[in-house]
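Scroll down for the structure; my scribbles are underneath it.
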Amino acid sequence: MKKPSIKFPARLLRPIATFLRREEKRLEKRKKDLEKEDPFSDPIRLTDNAASDADAAEQFGHARIEAMKRQIEKRQIDIRKALGRIKIGHYGTCEKCGKMIDTDRLMVKPEATLCIDCERKKGK
Ligand SMILES: [Zn+2]
């Protein structure tokens, strides 16, 4: 039995790959900017043993930045995966069930490597 292979034509994949690469760079820069904003990244602060209650805001700021960084990293992983799937010619198919990912979904989230059903099953 022949496997149905609905592939994205190269002329469509090229701009997607370009977009994803640009997006990855943008995220990398964003991550570096966040690191600069992180109060804990200040080397002087680290050696300072000032009263701990004054650090509450910094603790919070640090936690917030860490959470944002984690989100960026998650997206970067998805982008790298999507780029890898472009390379092997599997872009646009779900990595779990192999079904075509809805093009509407790919428009909104071009780095998606799971179809909407598998994404839902995965849970958050
Ligand atoms: Zn799926």
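Ordering of the structure tokens sets the chain letters (A, B, ...); residue numbers start at 1 within each chain; ligands are numbered from 1 in the order shown.
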Got a sec: who's within 6 Å of range 72-86 of chain A, counting only C-alpha atoms, leaving out chain neighbours fewer than 4 positions off, as a VMD selection string? chain A and resid 24 90 to 91 111
Surroundings of ligand 1 up to 9 Å, based on only C-alpha atoms and all ligand atoms, as a list of chain:residue names: A:Thr93, A:Cys94, A:Glu95, A:Lys96, A:Cys97, A:Gly98, A:Lys99, A:Met100, A:Ile101, A:Thr113, A:Leu114, A:Cys115, A:Ile116, A:Asp117, A:Cys118, A:Glu119
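Once Ala67 in chain A and its same-chain neighbours fewer than 6 positions away are set aside, Lys31, Leu34, Glu35, Asp38, Phe60, Gly61, Glu73 and Lys74 of chain A remain within 12 Å of it when counting only C-alpha atoms.
Computed from the coordinates, the CA of Gly89 in chain A to CA of Phe8 in chain A distance equals 8.3 Å.
The residue that comes closest to Met107 in chain A, out of A:Gly92, A:Gly123, A:Glu58, A:Phe40 and on the basis of only C-alpha atoms, is A:Gly92.
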Could you pull out the alpha helix (DSSP H) residues of chain A, going by DSSP on the backbone, and write them as a count of residues only? 78
